[in-house]
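Next comes model20.tsv, with TSV, N, CA and C atoms.
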```
chain	number	residue	atom	x	y	z
A	6	MET	N	21.89	71.93	-92.77
A	6	MET	CA	21.90	71.25	-91.50
A	6	MET	C	23.02	70.21	-91.48
A	7	ARG	N	23.76	70.15	-90.40
A	7	ARG	CA	24.87	69.22	-90.26
A	7	ARG	C	24.35	67.86	-89.81
A	8	SER	N	24.77	66.80	-90.48
A	8	SER	CA	24.30	65.47	-90.10
A	8	SER	C	25.26	64.84	-89.10
A	9	SER	N	24.72	64.04	-88.22
A	9	SER	CA	25.55	63.37	-87.24
A	9	SER	C	26.14	62.11	-87.85
A	10	TRP	N	27.12	61.54	-87.18
A	10	TRP	CA	27.72	60.31	-87.68
A	10	TRP	C	26.72	59.17	-87.68
A	11	MET	N	25.71	59.20	-86.79
A	11	MET	CA	24.71	58.14	-86.75
A	11	MET	C	23.84	58.12	-88.00
A	12	SER	N	23.66	59.27	-88.65
A	12	SER	CA	22.83	59.28	-89.85
A	12	SER	C	23.50	58.55	-91.00
A	13	SER	N	24.82	58.34	-90.91
A	13	SER	CA	25.52	57.63	-91.98
A	13	SER	C	25.73	56.15	-91.66
A	14	VAL	N	25.26	55.68	-90.51
A	14	VAL	CA	25.42	54.29	-90.12
A	14	VAL	C	24.37	53.43	-90.81
A	15	LYS	N	24.82	52.35	-91.44
A	15	LYS	CA	23.93	51.43	-92.14
A	15	LYS	C	23.55	50.27	-91.21
A	16	LEU	N	22.57	49.48	-91.61
A	16	LEU	CA	22.05	48.41	-90.78
A	16	LEU	C	23.15	47.44	-90.30
A	17	PRO	N	24.04	46.94	-91.17
A	17	PRO	CA	25.09	46.04	-90.65
A	17	PRO	C	25.95	46.71	-89.57
A	18	GLN	N	26.26	47.99	-89.77
A	18	GLN	CA	27.04	48.71	-88.77
A	18	GLN	C	26.25	48.88	-87.48
A	19	LEU	N	24.97	49.18	-87.61
A	19	LEU	CA	24.11	49.36	-86.44
A	19	LEU	C	24.00	48.07	-85.63
A	20	LEU	N	23.87	46.94	-86.32
A	20	LEU	CA	23.81	45.66	-85.61
A	20	LEU	C	25.09	45.41	-84.82
A	21	LEU	N	26.23	45.70	-85.43
A	21	LEU	CA	27.50	45.51	-84.72
A	21	LEU	C	27.63	46.48	-83.55
A	22	LEU	N	27.16	47.69	-83.72
A	22	LEU	CA	27.21	48.68	-82.64
A	22	LEU	C	26.31	48.25	-81.48
A	23	ILE	N	25.12	47.79	-81.78
A	23	ILE	CA	24.21	47.30	-80.73
A	23	ILE	C	24.83	46.11	-80.02
A	24	ASP	N	25.40	45.19	-80.80
A	24	ASP	CA	26.03	44.00	-80.25
A	24	ASP	C	27.17	44.38	-79.31
A	25	SER	N	27.99	45.31	-79.75
A	25	SER	CA	29.12	45.75	-78.93
A	25	SER	C	28.66	46.44	-77.65
A	26	CYS	N	27.74	47.36	-77.78
A	26	CYS	CA	27.25	48.08	-76.59
A	26	CYS	C	26.58	47.13	-75.60
A	27	ALA	N	25.81	46.17	-76.11
A	27	ALA	CA	25.15	45.21	-75.23
A	27	ALA	C	26.19	44.38	-74.47
A	28	GLY	N	27.21	43.92	-75.17
A	28	GLY	CA	28.26	43.13	-74.52
A	28	GLY	C	29.03	43.94	-73.48
A	29	LEU	N	29.40	45.16	-73.86
A	29	LEU	CA	30.17	46.00	-72.94
A	29	LEU	C	29.34	46.44	-71.73
A	30	LEU	N	28.11	46.87	-71.97
A	30	LEU	CA	27.26	47.30	-70.86
A	30	LEU	C	26.87	46.13	-69.96
A	31	GLY	N	26.47	45.03	-70.57
A	31	GLY	CA	26.10	43.85	-69.79
A	31	GLY	C	27.28	43.30	-69.00
A	32	GLY	N	28.43	43.19	-69.67
A	32	GLY	CA	29.63	42.70	-68.99
A	32	GLY	C	30.08	43.62	-67.88
A	33	GLY	N	30.00	44.93	-68.12
A	33	GLY	CA	30.38	45.89	-67.09
A	33	GLY	C	29.46	45.82	-65.89
A	34	PHE	N	28.16	45.73	-66.16
A	34	PHE	CA	27.18	45.64	-65.07
A	34	PHE	C	27.39	44.39	-64.24
A	35	VAL	N	27.52	43.25	-64.92
A	35	VAL	CA	27.71	41.98	-64.21
A	35	VAL	C	29.03	41.99	-63.46
A	36	SER	N	30.05	42.60	-64.04
A	36	SER	CA	31.35	42.68	-63.37
A	36	SER	C	31.28	43.51	-62.08
A	37	VAL	N	30.66	44.67	-62.15
A	37	VAL	CA	30.58	45.56	-60.99
A	37	VAL	C	29.73	44.94	-59.88
A	38	PHE	N	28.65	44.29	-60.26
A	38	PHE	CA	27.72	43.73	-59.27
A	38	PHE	C	27.84	42.21	-59.15
A	39	SER	N	28.99	41.64	-59.47
A	39	SER	CA	29.14	40.18	-59.51
A	39	SER	C	28.85	39.51	-58.17
A	40	ALA	N	29.30	40.08	-57.07
A	40	ALA	CA	29.05	39.45	-55.76
A	40	ALA	C	27.55	39.43	-55.46
A	41	PHE	N	26.88	40.52	-55.71
A	41	PHE	CA	25.43	40.61	-55.47
A	41	PHE	C	24.67	39.68	-56.41
A	42	LEU	N	25.00	39.74	-57.69
A	42	LEU	CA	24.28	38.93	-58.68
A	42	LEU	C	24.47	37.44	-58.45
A	43	SER	N	25.65	37.04	-58.02
A	43	SER	CA	25.89	35.61	-57.79
A	43	SER	C	24.98	35.09	-56.68
A	44	GLN	N	24.71	35.90	-55.69
A	44	GLN	CA	23.80	35.48	-54.60
A	44	GLN	C	22.35	35.49	-55.06
A	45	VAL	N	21.93	36.56	-55.70
A	45	VAL	CA	20.53	36.69	-56.12
A	45	VAL	C	20.18	35.67	-57.21
A	46	TYR	N	21.10	35.46	-58.15
A	46	TYR	CA	20.81	34.58	-59.28
A	46	TYR	C	21.13	33.11	-58.98
A	47	GLY	N	21.78	32.84	-57.85
A	47	GLY	CA	22.13	31.47	-57.54
A	47	GLY	C	23.28	30.95	-58.38
A	48	TRP	N	24.13	31.87	-58.83
A	48	TRP	CA	25.31	31.50	-59.62
A	48	TRP	C	26.52	31.46	-58.70
A	49	SER	N	27.54	30.70	-59.08
A	49	SER	CA	28.79	30.79	-58.35
A	49	SER	C	29.47	32.10	-58.73
A	50	LEU	N	30.31	32.60	-57.85
A	50	LEU	CA	31.02	33.84	-58.14
A	50	LEU	C	31.93	33.67	-59.36
A	51	GLU	N	32.52	32.47	-59.50
A	51	GLU	CA	33.39	32.20	-60.66
A	51	GLU	C	32.60	32.28	-61.97
A	52	TRP	N	31.40	31.67	-61.97
A	52	TRP	CA	30.56	31.72	-63.17
A	52	TRP	C	30.15	33.15	-63.48
A	53	THR	N	29.81	33.91	-62.46
A	53	THR	CA	29.39	35.30	-62.66
A	53	THR	C	30.53	36.11	-63.26
A	54	ARG	N	31.72	35.93	-62.74
A	54	ARG	CA	32.88	36.66	-63.28
A	54	ARG	C	33.23	36.19	-64.69
A	55	PHE	N	33.09	34.90	-64.94
A	55	PHE	CA	33.33	34.38	-66.29
A	55	PHE	C	32.34	34.99	-67.27
A	56	GLN	N	31.08	35.06	-66.88
A	56	GLN	CA	30.07	35.64	-67.76
A	56	GLN	C	30.39	37.11	-68.04
A	57	ALA	N	30.80	37.85	-67.01
A	57	ALA	CA	31.16	39.26	-67.20
A	57	ALA	C	32.34	39.38	-68.17
A	58	ALA	N	33.37	38.57	-67.96
A	58	ALA	CA	34.56	38.64	-68.82
A	58	ALA	C	34.22	38.27	-70.26
A	59	ALA	N	33.41	37.22	-70.44
A	59	ALA	CA	33.03	36.81	-71.79
A	59	ALA	C	32.27	37.93	-72.50
A	60	ASN	N	31.36	38.58	-71.80
A	60	ASN	CA	30.61	39.68	-72.39
A	60	ASN	C	31.51	40.86	-72.74
A	61	LEU	N	32.45	41.18	-71.87
A	61	LEU	CA	33.36	42.31	-72.14
A	61	LEU	C	34.26	42.01	-73.34
A	62	ILE	N	34.81	40.81	-73.40
A	62	ILE	CA	35.67	40.43	-74.53
A	62	ILE	C	34.86	40.45	-75.82
A	63	TYR	N	33.67	39.89	-75.76
A	63	TYR	CA	32.81	39.85	-76.94
A	63	TYR	C	32.42	41.27	-77.38
A	64	GLY	N	32.10	42.13	-76.42
A	64	GLY	CA	31.76	43.51	-76.74
A	64	GLY	C	32.90	44.23	-77.44
A	65	CYS	N	34.12	43.96	-76.98
A	65	CYS	CA	35.30	44.56	-77.63
A	65	CYS	C	35.47	44.04	-79.06
A	66	TYR	N	35.26	42.72	-79.24
A	66	TYR	CA	35.41	42.12	-80.57
A	66	TYR	C	34.38	42.68	-81.55
A	67	SER	N	33.13	42.70	-81.16
A	67	SER	CA	32.11	43.22	-82.08
A	67	SER	C	32.27	44.72	-82.28
A	68	GLY	N	32.77	45.43	-81.28
A	68	GLY	CA	33.07	46.85	-81.44
A	68	GLY	C	34.19	47.09	-82.44
A	69	LEU	N	35.19	46.23	-82.40
A	69	LEU	CA	36.28	46.32	-83.37
A	69	LEU	C	35.75	46.08	-84.79
A	70	LEU	N	34.87	45.09	-84.94
A	70	LEU	CA	34.28	44.85	-86.26
A	70	LEU	C	33.44	46.04	-86.72
A	71	PHE	N	32.72	46.66	-85.79
A	71	PHE	CA	31.96	47.87	-86.13
A	71	PHE	C	32.88	48.95	-86.66
A	72	LEU	N	33.98	49.20	-85.96
A	72	LEU	CA	34.91	50.26	-86.38
A	72	LEU	C	35.51	49.96	-87.75
A	73	ILE	N	35.87	48.70	-87.99
A	73	ILE	CA	36.44	48.33	-89.30
A	73	ILE	C	35.40	48.53	-90.40
A	74	LEU	N	34.17	48.06	-90.14
A	74	LEU	CA	33.12	48.20	-91.16
A	74	LEU	C	32.77	49.66	-91.38
A	75	TYR	N	32.76	50.44	-90.33
A	75	TYR	CA	32.44	51.86	-90.45
A	75	TYR	C	33.50	52.60	-91.26
A	76	ARG	N	34.78	52.26	-91.03
A	76	ARG	CA	35.86	52.97	-91.73
A	76	ARG	C	36.07	52.46	-93.15
A	77	LYS	N	36.04	51.15	-93.34
A	77	LYS	CA	36.35	50.57	-94.65
A	77	LYS	C	35.12	50.20	-95.46
A	78	ASN	N	33.96	50.13	-94.81
A	78	ASN	CA	32.70	49.77	-95.44
A	78	ASN	C	32.69	48.33	-95.95
A	79	ARG	N	33.64	47.52	-95.51
A	79	ARG	CA	33.71	46.11	-95.89
A	79	ARG	C	34.34	45.32	-94.76
A	80	LEU	N	33.95	44.06	-94.67
A	80	LEU	CA	34.54	43.12	-93.72
A	80	LEU	C	34.78	41.80	-94.44
A	81	PRO	N	35.87	41.11	-94.12
A	81	PRO	CA	35.98	39.74	-94.63
A	81	PRO	C	34.86	38.87	-94.01
A	82	ASP	N	34.52	37.78	-94.67
A	82	ASP	CA	33.46	36.92	-94.15
A	82	ASP	C	33.84	36.24	-92.84
A	83	TRP	N	35.12	35.80	-92.71
A	83	TRP	CA	35.48	34.95	-91.57
A	83	TRP	C	35.28	35.61	-90.20
A	84	PRO	N	35.55	36.92	-90.00
A	84	PRO	CA	35.29	37.46	-88.66
A	84	PRO	C	33.79	37.53	-88.35
A	85	VAL	N	32.98	37.70	-89.38
A	85	VAL	CA	31.53	37.74	-89.17
A	85	VAL	C	31.01	36.33	-88.88
A	86	ILE	N	31.53	35.35	-89.58
A	86	ILE	CA	31.15	33.96	-89.30
A	86	ILE	C	31.54	33.59	-87.87
A	87	PHE	N	32.73	34.00	-87.46
A	87	PHE	CA	33.17	33.77	-86.08
A	87	PHE	C	32.22	34.44	-85.09
A	88	LEU	N	31.81	35.66	-85.40
A	88	LEU	CA	30.88	36.40	-84.55
A	88	LEU	C	29.54	35.66	-84.42
A	89	VAL	N	29.02	35.19	-85.53
A	89	VAL	CA	27.74	34.46	-85.54
A	89	VAL	C	27.88	33.15	-84.75
A	90	LEU	N	28.99	32.44	-84.94
A	90	LEU	CA	29.22	31.20	-84.20
A	90	LEU	C	29.39	31.46	-82.71
A	91	ALA	N	30.08	32.55	-82.37
A	91	ALA	CA	30.26	32.90	-80.95
A	91	ALA	C	28.92	33.23	-80.31
A	92	ASN	N	28.09	33.99	-80.99
A	92	ASN	CA	26.76	34.31	-80.48
A	92	ASN	C	25.92	33.04	-80.29
A	93	SER	N	25.94	32.17	-81.27
A	93	SER	CA	25.16	30.94	-81.20
A	93	SER	C	25.66	30.04	-80.08
A	94	THR	N	26.97	29.94	-79.93
A	94	THR	CA	27.55	29.13	-78.86
A	94	THR	C	27.20	29.69	-77.50
A	95	TRP	N	27.30	31.02	-77.36
A	95	TRP	CA	26.98	31.65	-76.08
A	95	TRP	C	25.50	31.45	-75.73
A	96	ALA	N	24.64	31.48	-76.73
A	96	ALA	CA	23.22	31.21	-76.48
A	96	ALA	C	23.05	29.81	-75.90
A	97	GLY	N	23.76	28.84	-76.45
A	97	GLY	CA	23.71	27.48	-75.93
A	97	GLY	C	24.21	27.40	-74.50
A	98	VAL	N	25.29	28.13	-74.20
A	98	VAL	CA	25.82	28.17	-72.83
A	98	VAL	C	24.77	28.77	-71.89
A	99	CYS	N	24.14	29.85	-72.31
A	99	CYS	CA	23.11	30.49	-71.48
A	99	CYS	C	21.95	29.54	-71.22
A	100	PHE	N	21.44	28.91	-72.27
A	100	PHE	CA	20.29	28.01	-72.12
A	100	PHE	C	20.63	26.81	-71.23
A	101	SER	N	21.81	26.23	-71.43
A	101	SER	CA	22.16	25.05	-70.63
A	101	SER	C	22.47	25.41	-69.18
A	102	SER	N	22.92	26.63	-68.93
A	102	SER	CA	23.23	27.06	-67.56
A	102	SER	C	22.00	27.53	-66.80
A	103	ALA	N	20.93	27.82	-67.50
A	103	ALA	CA	19.72	28.34	-66.85
A	103	ALA	C	19.12	27.32	-65.89
A	104	TRP	N	19.33	26.05	-66.13
A	104	TRP	CA	18.72	25.00	-65.30
A	104	TRP	C	19.24	25.01	-63.87
A	105	SER	N	20.47	25.49	-63.67
A	105	SER	CA	21.05	25.43	-62.33
A	105	SER	C	20.97	26.77	-61.60
A	106	ALA	N	20.28	27.74	-62.16
A	106	ALA	CA	20.19	29.07	-61.56
A	106	ALA	C	18.86	29.23	-60.82
A	107	SER	N	18.78	30.29	-60.03
A	107	SER	CA	17.50	30.64	-59.39
A	107	SER	C	16.53	31.11	-60.47
A	108	GLY	N	15.30	31.42	-60.08
A	108	GLY	CA	14.32	31.89	-61.06
A	108	GLY	C	14.78	33.15	-61.78
A	109	LEU	N	15.32	34.12	-61.03
A	109	LEU	CA	15.82	35.35	-61.65
A	109	LEU	C	17.04	35.08	-62.52
A	110	GLY	N	17.93	34.22	-62.04
A	110	GLY	CA	19.11	33.87	-62.82
A	110	GLY	C	18.75	33.17	-64.11
A	111	ALA	N	17.77	32.25	-64.03
A	111	ALA	CA	17.32	31.54	-65.23
A	111	ALA	C	16.68	32.51	-66.21
A	112	ALA	N	15.88	33.44	-65.70
A	112	ALA	CA	15.25	34.43	-66.58
A	112	ALA	C	16.31	35.27	-67.28
A	113	HIS	N	17.34	35.69	-66.54
A	113	HIS	CA	18.43	36.48	-67.12
A	113	HIS	C	19.11	35.68	-68.24
A	114	LEU	N	19.46	34.42	-67.94
A	114	LEU	CA	20.18	33.61	-68.91
A	114	LEU	C	19.32	33.28	-70.14
A	115	ILE	N	18.05	33.02	-69.93
A	115	ILE	CA	17.16	32.73	-71.07
A	115	ILE	C	16.99	33.97	-71.94
A	116	PHE	N	16.82	35.13	-71.30
A	116	PHE	CA	16.72	36.38	-72.08
A	116	PHE	C	18.01	36.63	-72.85
A	117	GLU	N	19.15	36.48	-72.18
A	117	GLU	CA	20.42	36.72	-72.85
A	117	GLU	C	20.63	35.74	-73.99
A	118	GLY	N	20.27	34.48	-73.77
A	118	GLY	CA	20.39	33.48	-74.83
A	118	GLY	C	19.54	33.82	-76.04
A	119	CYS	N	18.29	34.23	-75.80
A	119	CYS	CA	17.41	34.63	-76.90
A	119	CYS	C	17.95	35.86	-77.63
A	120	PHE	N	18.46	36.83	-76.86
A	120	PHE	CA	18.99	38.06	-77.43
A	120	PHE	C	20.18	37.77	-78.34
A	121	VAL	N	21.15	36.98	-77.86
A	121	VAL	CA	22.34	36.74	-78.69
A	121	VAL	C	22.03	35.81	-79.86
A	122	LEU	N	21.04	34.92	-79.69
A	122	LEU	CA	20.64	34.08	-80.82
A	122	LEU	C	19.96	34.91	-81.90
A	123	ALA	N	19.14	35.87	-81.50
A	123	ALA	CA	18.52	36.78	-82.46
A	123	ALA	C	19.60	37.61	-83.17
A	124	LEU	N	20.58	38.09	-82.42
A	124	LEU	CA	21.67	38.85	-83.04
A	124	LEU	C	22.44	37.99	-84.03
A	125	ALA	N	22.68	36.74	-83.68
A	125	ALA	CA	23.39	35.84	-84.60
A	125	ALA	C	22.64	35.73	-85.92
A	126	GLY	N	21.32	35.55	-85.84
A	126	GLY	CA	20.53	35.45	-87.07
A	126	GLY	C	20.53	36.73	-87.87
A	127	LEU	N	20.38	37.85	-87.20
A	127	LEU	CA	20.39	39.15	-87.89
A	127	LEU	C	21.74	39.44	-88.52
A	128	GLU	N	22.81	39.12	-87.79
A	128	GLU	CA	24.15	39.38	-88.33
A	128	GLU	C	24.44	38.48	-89.51
A	129	ALA	N	24.02	37.22	-89.44
A	129	ALA	CA	24.22	36.32	-90.57
A	129	ALA	C	23.44	36.81	-91.79
A	130	ARG	N	22.23	37.27	-91.55
A	130	ARG	CA	21.39	37.69	-92.67
A	130	ARG	C	21.82	39.03	-93.27
A	131	PHE	N	22.07	40.02	-92.41
A	131	PHE	CA	22.28	41.37	-92.92
A	131	PHE	C	23.74	41.78	-93.08
A	132	ILE	N	24.65	41.16	-92.34
A	132	ILE	CA	26.05	41.54	-92.50
A	132	ILE	C	26.71	40.67	-93.57
A	133	LEU	N	26.52	39.35	-93.50
A	133	LEU	CA	27.10	38.50	-94.52
A	133	LEU	C	26.47	38.74	-95.89
A	134	ARG	N	25.15	38.95	-95.93
A	134	ARG	CA	24.46	39.16	-97.20
A	134	ARG	C	24.58	40.57	-97.72
A	135	ALA	N	25.06	41.50	-96.89
A	135	ALA	CA	25.12	42.90	-97.32
A	135	ALA	C	26.34	43.18	-98.18
A	136	GLY	N	27.06	42.14	-98.53
A	136	GLY	CA	28.26	42.38	-99.32
A	136	GLY	C	29.37	42.92	-98.48
A	137	ALA	N	29.31	42.62	-97.19
A	137	ALA	CA	30.40	43.02	-96.32
A	137	ALA	C	31.53	42.02	-96.50
A	138	GLY	N	31.48	41.30	-97.60
A	138	GLY	CA	32.40	40.21	-97.91
A	138	GLY	C	33.85	40.60	-97.98
A	139	PRO	N	34.64	39.91	-98.78
A	139	PRO	CA	36.09	40.04	-98.75
A	139	PRO	C	36.57	41.49	-98.80
A	140	ALA	N	37.49	41.77	-97.91
A	140	ALA	CA	38.03	43.14	-97.85
A	140	ALA	C	39.33	43.23	-98.60
```

Please re-express this file's structure in structure tokens.
Amino acid sequence: MRSSWMSSVKLPQLLLLIDSCAGLLGGGFVSVFSAFLSQVYGWSLEWTRFQAAANLIYGCYSGLLFLILYRKNRLPDWPVIFLVLANSTWAGVCFSSAWSASGLGAAHLIFEGCFVLALAGLEARFILRAGAGPA
């Protein structure tokens, strides 16, 4: 039986893949529906577009780390530390911005903040500790 490429993906790689897909899908969705979401969520259009752009850029960055880890099976510590810090910082931005949004907007931001904070913890624990160290 032929195995798929997913069967060879390890937990650190899977976390980066999930992180990348979430950023790209979330950023794409918010980008396409930014005018609608800004009205429903009580966000300014500028904030909505900023959030979409940040998610897309972040999705590309974590996707690049996934590809490097998948091909080389190692990552230097500093890009992973940057990733964890970026996730933690974005969680803070989400939590602090939730106060000025509508109920739906606040729910979205609180969920996103919790999601990226959980990813930061998982990535710190399983990618940095997995020996994905110096390349």

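Using only N, CA and C atoms, the residues found no farther than 6 Å from range 20-23 of chain A, other than those of its own chain fewer than 5 positions away, are A:Lys15, A:Gly28, A:Ser67, A:Gly68, A:Phe71.
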
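Pairwise distance (atom C of Asn60 in chain A, atom N of Leu29 in chain A) equals 4.9 Å.
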
- Task: Could you give me, as a list in words, the residues within 8 Å of Ala123 in chain A, counting all atoms listed in the file and dropping anything in the same chain fewer than 5 positions from it?
- Result: Asn92, Ser93, Ala96, Glu117, Gly118, Glu128 and Ala129 of chain A

- Note on the structure: For Val121 in chain A, the closest of A:Ser49, A:Ser101, A:Ser36, A:Thr94 counting only C-alpha atoms is A:Thr94

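Distances here use only N, CA and C atoms; by that measure, the residue among A:Ile86, A:Gly110, A:Ser102, A:Ser25 closest to Leu42 in chain A is A:Gly110.
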
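Atom pair atom N of Phe41 in chain A / atom C of Ala91 in chain A: separated by 25.7 Å.
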
- Just how far from atom N of Pro84 in chain A is CA of Leu69 in chain A, in Å to one decimal? 11.5 Å

- Message: So that I can see what lies close to Gln56 in chain A, please list as a PyMOL selection string the residues with an atom at most 8 Å from it, counting all atoms listed in the file and leaving out residues fewer than 6 positions away in the same chain.
- Response: chain A and resi 31-33+35-36+50+62

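Checking A:Leu114, A:Leu16, A:Val98, A:Cys119 one by one against Ile132 in chain A, counting all atoms listed in the file, you find the shortest gap at A:Leu16.
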
- Report as a VMD selection string: the residues of chain A with a DSSP assignment of helix (DSSP H, G or I), based on the backbone of this structure. chain A and resid 10 to 13 16 to 37 39 to 46 50 to 77 82 to 105 108 to 133
